[in-house]
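Data first, discussion second: the structure below is written as structure tokens.
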Amino acid sequence: MIYNLLRKKRKRITNYLTFSSPNPFSISVATPGWNGKLYYSKDTKTWVKWTGNEVNATEADGTYALYFRGTRSTKIAGGSSNKWTLSGSNISCTDNIENLLDYETVEAGQHPTMADYCYSYMFRGCTSLTTAPSLPATTLATRCYSSMFNNCTSLTTAPSLPATTLANYCYSYMFNGCTSIKIAISKSLEYDKEYRVPKSGNGVTAPVALNNMFTQTGGTFTGTPSINTTYYTSNTIV
């Protein structure tokens with residue numbers, strides 16, 4: 001009985017990152033930034049090594065989807081030249097982004113190691129992205145999420161950030177230009193969900209870790225938030 005319960009619990013762990021949309025879409029990377037191996041699938045069963053070439057989503061039951069996972073990577077992007085291009089509309093990115101680094105480590109219930117600039121600029125300018133993936137890392141690296149969602153104007157989810165010890169520039173410009181992300185200082189009918197860095201506990205900051213994190217966003221608060229301070233958002237929190 002205990003064995004069966006463990007099997008059921010293990011099955012709940014999704015070992016890939018999912019992109020989906022009600023409309024056709026494709027994903028490509030002109031200059032791949034990963035330093036391990038990355039794979040894609042159209043059905044979560046057959047996996048193909050990916051070199052960044054344009055991949056078109058496959059439709060099933062009215063939804064188009066692509067799935068990605070990686071092995072032995074410590075970095076996925078790293079700069080504006082390594083950004084992912086999402087061509088289409090209304091594209092959702094869900095599940096644990098750490099699956100891109102090493103899905104076997106995630107399956108084992110651990111966090112893969114992140115290098116400096118790990119996801120920096122990854123989705124910059126992806127105006128079709130509506131949902132952000134889960135970012136559960138607890139040990140950060142310099143500029144790991146810097147400008148990750150820069151100018152993602154359709155993004156309507158805000159990922160929860162659990163790390164309590166921040167790294168230099170780790171969240172700098174993370175949501176800059178995300179006009180659909182709305183943050184406020186005070187709770188109201190519209191801004192009814194708590195948003196805090198870190199999401200719980202007493203965080204320790206680093207130089208300019210939060211610099212311009214919410215610059216040019218769509219709420220009543222924009223700019224650089226303070227650590228260990230509760231803000232409020234109207235967005236869904238991942």
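Ligands are numbered from 1 in the order shown, residues from 1 within each chain, and chains are lettered A, B, ... in the order they appear in the structure tokens.
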Original post:
Can you tell me, as a PyMOL selection string, what residues are no more than 10 Å from Thr205 (chain A) when counting only C-alpha atoms, ignoring any on the same chain fewer than 3 positions away?
Top reply: chain A and resi 164-170+197-198+202+208-210+226-228
**OP:** For region 84-94 of chain A, work out the shell of residues within 6 Å, counting only C-alpha atoms and skipping chain neighbours fewer than 6 positions away, then give it as a ChimeraX atom specification.
**Re:** /A:18-21,25-29,122-123,128-133
Keeping all heavy atoms, export the residues of the selection given above as a short mmCIF file (atom, residue, chain, number, x, y, z; two decimals), in the first residue's frame.
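File produced: result_0.cif:
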```cif
data_model
loop_
_atom_site.label_atom_id
_atom_site.label_comp_id
_atom_site.auth_asym_id
_atom_site.auth_seq_id
_atom_site.Cartn_x
_atom_site.Cartn_y
_atom_site.Cartn_z
N THR A 18 5.76 23.13 -20.21
CA THR A 18 4.68 23.09 -21.21
C THR A 18 4.37 24.46 -21.78
O THR A 18 4.20 25.43 -21.04
CB THR A 18 3.39 22.53 -20.57
OG1 THR A 18 3.64 21.22 -20.05
CG2 THR A 18 2.26 22.46 -21.60
N PHE A 19 4.29 24.54 -23.10
CA PHE A 19 3.78 25.72 -23.80
C PHE A 19 2.48 25.30 -24.49
O PHE A 19 2.45 24.27 -25.17
CB PHE A 19 4.77 26.21 -24.85
CG PHE A 19 6.02 26.82 -24.30
CD1 PHE A 19 7.12 26.03 -24.01
CD2 PHE A 19 6.12 28.19 -24.06
CE1 PHE A 19 8.28 26.58 -23.50
CE2 PHE A 19 7.28 28.75 -23.55
CZ PHE A 19 8.37 27.94 -23.26
N SER A 20 1.43 26.10 -24.33
CA SER A 20 0.16 25.74 -24.94
C SER A 20 -0.61 26.98 -25.36
O SER A 20 -0.40 28.07 -24.83
CB SER A 20 -0.68 24.90 -23.97
OG SER A 20 -0.96 25.63 -22.79
N SER A 21 -1.52 26.78 -26.30
CA SER A 21 -2.33 27.88 -26.82
C SER A 21 -3.54 27.30 -27.56
O SER A 21 -3.46 26.20 -28.11
CB SER A 21 -1.51 28.75 -27.78
OG SER A 21 -2.33 29.73 -28.40
N PHE A 25 1.12 27.92 -32.96
CA PHE A 25 2.27 28.73 -32.59
C PHE A 25 3.55 27.93 -32.82
O PHE A 25 3.53 26.72 -33.04
CB PHE A 25 2.19 29.19 -31.13
CG PHE A 25 2.39 28.10 -30.11
CD1 PHE A 25 3.65 27.82 -29.58
CD2 PHE A 25 1.30 27.34 -29.67
CE1 PHE A 25 3.83 26.82 -28.63
CE2 PHE A 25 1.49 26.33 -28.72
CZ PHE A 25 2.75 26.08 -28.20
N SER A 26 4.67 28.63 -32.78
CA SER A 26 5.97 27.98 -32.94
C SER A 26 6.97 28.62 -31.98
O SER A 26 6.76 29.73 -31.49
CB SER A 26 6.48 28.09 -34.37
OG SER A 26 6.75 29.44 -34.71
N ILE A 27 8.06 27.91 -31.70
CA ILE A 27 9.11 28.39 -30.81
C ILE A 27 10.46 28.16 -31.47
O ILE A 27 10.70 27.11 -32.07
CB ILE A 27 9.07 27.67 -29.45
CG1 ILE A 27 7.74 27.96 -28.74
CG2 ILE A 27 10.24 28.08 -28.57
CD1 ILE A 27 7.59 27.24 -27.41
N SER A 28 11.33 29.14 -31.37
CA SER A 28 12.68 29.02 -31.91
C SER A 28 13.65 29.85 -31.08
O SER A 28 13.25 30.75 -30.35
CB SER A 28 12.73 29.47 -33.38
OG SER A 28 12.40 30.84 -33.49
N VAL A 29 14.92 29.54 -31.21
CA VAL A 29 15.99 30.31 -30.56
C VAL A 29 17.10 30.48 -31.58
O VAL A 29 17.71 29.51 -32.04
CB VAL A 29 16.54 29.59 -29.32
CG1 VAL A 29 17.67 30.40 -28.70
CG2 VAL A 29 15.44 29.35 -28.30
N MET A 122 15.30 35.60 -21.29
CA MET A 122 14.75 34.43 -21.97
C MET A 122 13.49 34.73 -22.78
O MET A 122 13.35 34.28 -23.92
CB MET A 122 14.45 33.33 -20.95
CG MET A 122 13.92 32.06 -21.58
SD MET A 122 13.73 30.75 -20.35
CE MET A 122 13.01 29.46 -21.38
N PHE A 123 12.54 35.48 -22.20
CA PHE A 123 11.29 35.77 -22.89
C PHE A 123 11.17 37.24 -23.30
O PHE A 123 10.07 37.73 -23.55
CB PHE A 123 10.10 35.38 -22.01
CG PHE A 123 9.99 33.91 -21.73
CD1 PHE A 123 10.18 33.43 -20.45
CD2 PHE A 123 9.71 33.01 -22.74
CE1 PHE A 123 10.08 32.07 -20.18
CE2 PHE A 123 9.61 31.65 -22.48
CZ PHE A 123 9.80 31.18 -21.19
N SER A 128 3.28 37.59 -26.93
CA SER A 128 2.22 36.58 -26.98
C SER A 128 2.16 35.74 -25.71
O SER A 128 1.23 34.95 -25.53
CB SER A 128 2.42 35.67 -28.19
OG SER A 128 3.68 35.04 -28.14
N LEU A 129 3.14 35.90 -24.81
CA LEU A 129 3.19 35.10 -23.59
C LEU A 129 2.20 35.64 -22.56
O LEU A 129 2.27 36.80 -22.17
CB LEU A 129 4.61 35.12 -23.01
CG LEU A 129 4.84 34.26 -21.77
CD1 LEU A 129 4.76 32.77 -22.11
CD2 LEU A 129 6.20 34.58 -21.14
N THR A 130 1.28 34.79 -22.10
CA THR A 130 0.26 35.22 -21.15
C THR A 130 0.47 34.67 -19.74
O THR A 130 0.01 35.26 -18.77
CB THR A 130 -1.14 34.77 -21.62
OG1 THR A 130 -1.15 33.33 -21.72
CG2 THR A 130 -1.48 35.37 -22.97
N THR A 131 1.17 33.54 -19.64
CA THR A 131 1.35 32.88 -18.36
C THR A 131 2.81 32.55 -18.12
O THR A 131 3.48 32.02 -19.00
CB THR A 131 0.52 31.57 -18.30
OG1 THR A 131 -0.85 31.87 -18.55
CG2 THR A 131 0.64 30.90 -16.94
N ALA A 132 3.30 32.86 -16.94
CA ALA A 132 4.70 32.58 -16.59
C ALA A 132 4.81 31.22 -15.93
O ALA A 132 3.90 30.78 -15.22
CB ALA A 132 5.22 33.65 -15.65
N PRO A 133 5.94 30.55 -16.12
CA PRO A 133 6.14 29.25 -15.48
C PRO A 133 6.46 29.40 -13.99
O PRO A 133 6.69 30.51 -13.50
CB PRO A 133 7.35 28.68 -16.24
CG PRO A 133 8.13 29.90 -16.62
CD PRO A 133 7.09 30.94 -16.95
#
```
Subject >> Pick from A:Ala158, A:Ala65, A:Val106, A:Met114, whichever lies nearest to Arg143 (chain A) using only C-alpha atoms >> reply: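 Checking each candidate against Arg143 (chain A), we get A:Met114 as the closest.
Minimum distance to Ala184 (chain A) across A:Phe149, A:Phe214, A:Tyr232, A:Tyr171 (counting only C-alpha atoms) occurs at A:Tyr232.
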Subject >> Distance criterion (only C-alpha atoms): nearest to Asn150 (chain A) out of A:Lys37, A:Lys83, A:Lys199, A:Lys182 >> reply: A:Lys83
**OP:** Grab the CA of Ser172 (chain A) to CA of Thr233 (chain A) distance for me, in Å with one decimal place.
**Re:**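 Going from CA of Ser172 (chain A) over to CA of Thr233 (chain A), I get 18.7 Å.
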Subject >> DSSP alpha helix (DSSP H) residues within region 59-159 of chain A, as a ChimeraX atom specification >> reply: /A:99-107
Subject >> Residue nearest Leu17 (chain A) among A:Glu107, A:Glu194, A:Glu98, A:Glu59 (counting only C-alpha atoms) >> reply: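 Under the stated criterion, the closest residue is A:Glu98.
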Original post:
Using only C-alpha atoms, which of the listed residues (A:Ile181, A:Ile13, A:Val238, A:Ala108) sits closest to Thr220 (chain A)?
Top reply: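 Closest candidate: A:Ile181.
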Original post:
Restricting the calculation to only C-alpha atoms, which member of A:Gly219, A:Pro24, A:Pro207, A:Gly33 is positioned closest to Ser80 (chain A)?
Top reply: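 Nearest to Ser80 (chain A): A:Gly33.
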Subject >> Residue set, region 20-141 of chain A restricted to strand (DSSP E or B), as a VMD selection string >> reply: chain A and resid 20 to 21 26 to 28 37 to 41 48 to 49 55 to 56 58 to 60 63 to 71 85 to 87 91 to 94 96 129 to 131 134
**OP:** Find the residues around region 39-53 of chain A up to 9 Å (only C-alpha atoms counted), leave out those fewer than 3 positions away in its own chain, and share them as a list of chain:residue names.
**Re:**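 Everything that qualifies: A:Tyr16, A:Ile27, A:Ser28, A:Val29, A:Ala30, A:Thr31, A:Pro32, A:Asn56, A:Ala57, A:Thr58, A:Glu59, A:Ala65, A:Leu66, A:Tyr67, A:Phe68, A:Arg69, A:Gly70, A:Thr71, A:Trp84, A:Leu100.
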Subject >> Coordinates-based distance that separates CA of Ala137 (chain A) from CA of Gly218 (chain A) (Å, one decimal) >> reply: 26.3 Å
Pick out the residues sitting within 6 Å of Ser134 (chain A), and hand them over as a short mmCIF file (atom, residue, chain, number, x, y, z; two decimals) with all heavy atoms, in the first residue's frame; count only C-alpha atoms, and ignore anything fewer than 6 positions along from it in its own chain.
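Saved the output as part25.cif:
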```cif
data_model
loop_
_atom_site.label_atom_id
_atom_site.label_comp_id
_atom_site.auth_asym_id
_atom_site.auth_seq_id
_atom_site.Cartn_x
_atom_site.Cartn_y
_atom_site.Cartn_z
N ASP A 95 4.24 24.84 -15.62
CA ASP A 95 5.09 23.82 -14.99
C ASP A 95 6.42 24.43 -14.55
O ASP A 95 6.64 25.64 -14.69
CB ASP A 95 5.29 22.60 -15.89
CG ASP A 95 3.98 21.95 -16.29
OD1 ASP A 95 3.11 21.80 -15.42
OD2 ASP A 95 3.80 21.62 -17.49
N ASN A 96 7.29 23.62 -14.05
CA ASN A 96 8.53 24.03 -13.41
C ASN A 96 9.63 24.30 -14.44
O ASN A 96 10.04 23.39 -15.16
CB ASN A 96 8.98 22.93 -12.44
CG ASN A 96 10.21 23.29 -11.65
OD1 ASN A 96 10.86 24.31 -11.88
ND2 ASN A 96 10.56 22.42 -10.70
N PRO A 159 5.05 35.04 -11.15
CA PRO A 159 5.59 33.87 -10.47
C PRO A 159 5.98 34.16 -9.03
O PRO A 159 6.54 35.22 -8.73
CB PRO A 159 6.81 33.49 -11.31
CG PRO A 159 7.15 34.69 -12.10
CD PRO A 159 5.91 35.50 -12.24
N VAL A 238 1.66 32.41 -9.72
CA VAL A 238 2.03 31.03 -9.99
C VAL A 238 2.71 30.46 -8.76
O VAL A 238 3.74 30.96 -8.31
CB VAL A 238 3.03 30.97 -11.18
CG1 VAL A 238 3.43 29.51 -11.45
CG2 VAL A 238 2.39 31.57 -12.43
#
```
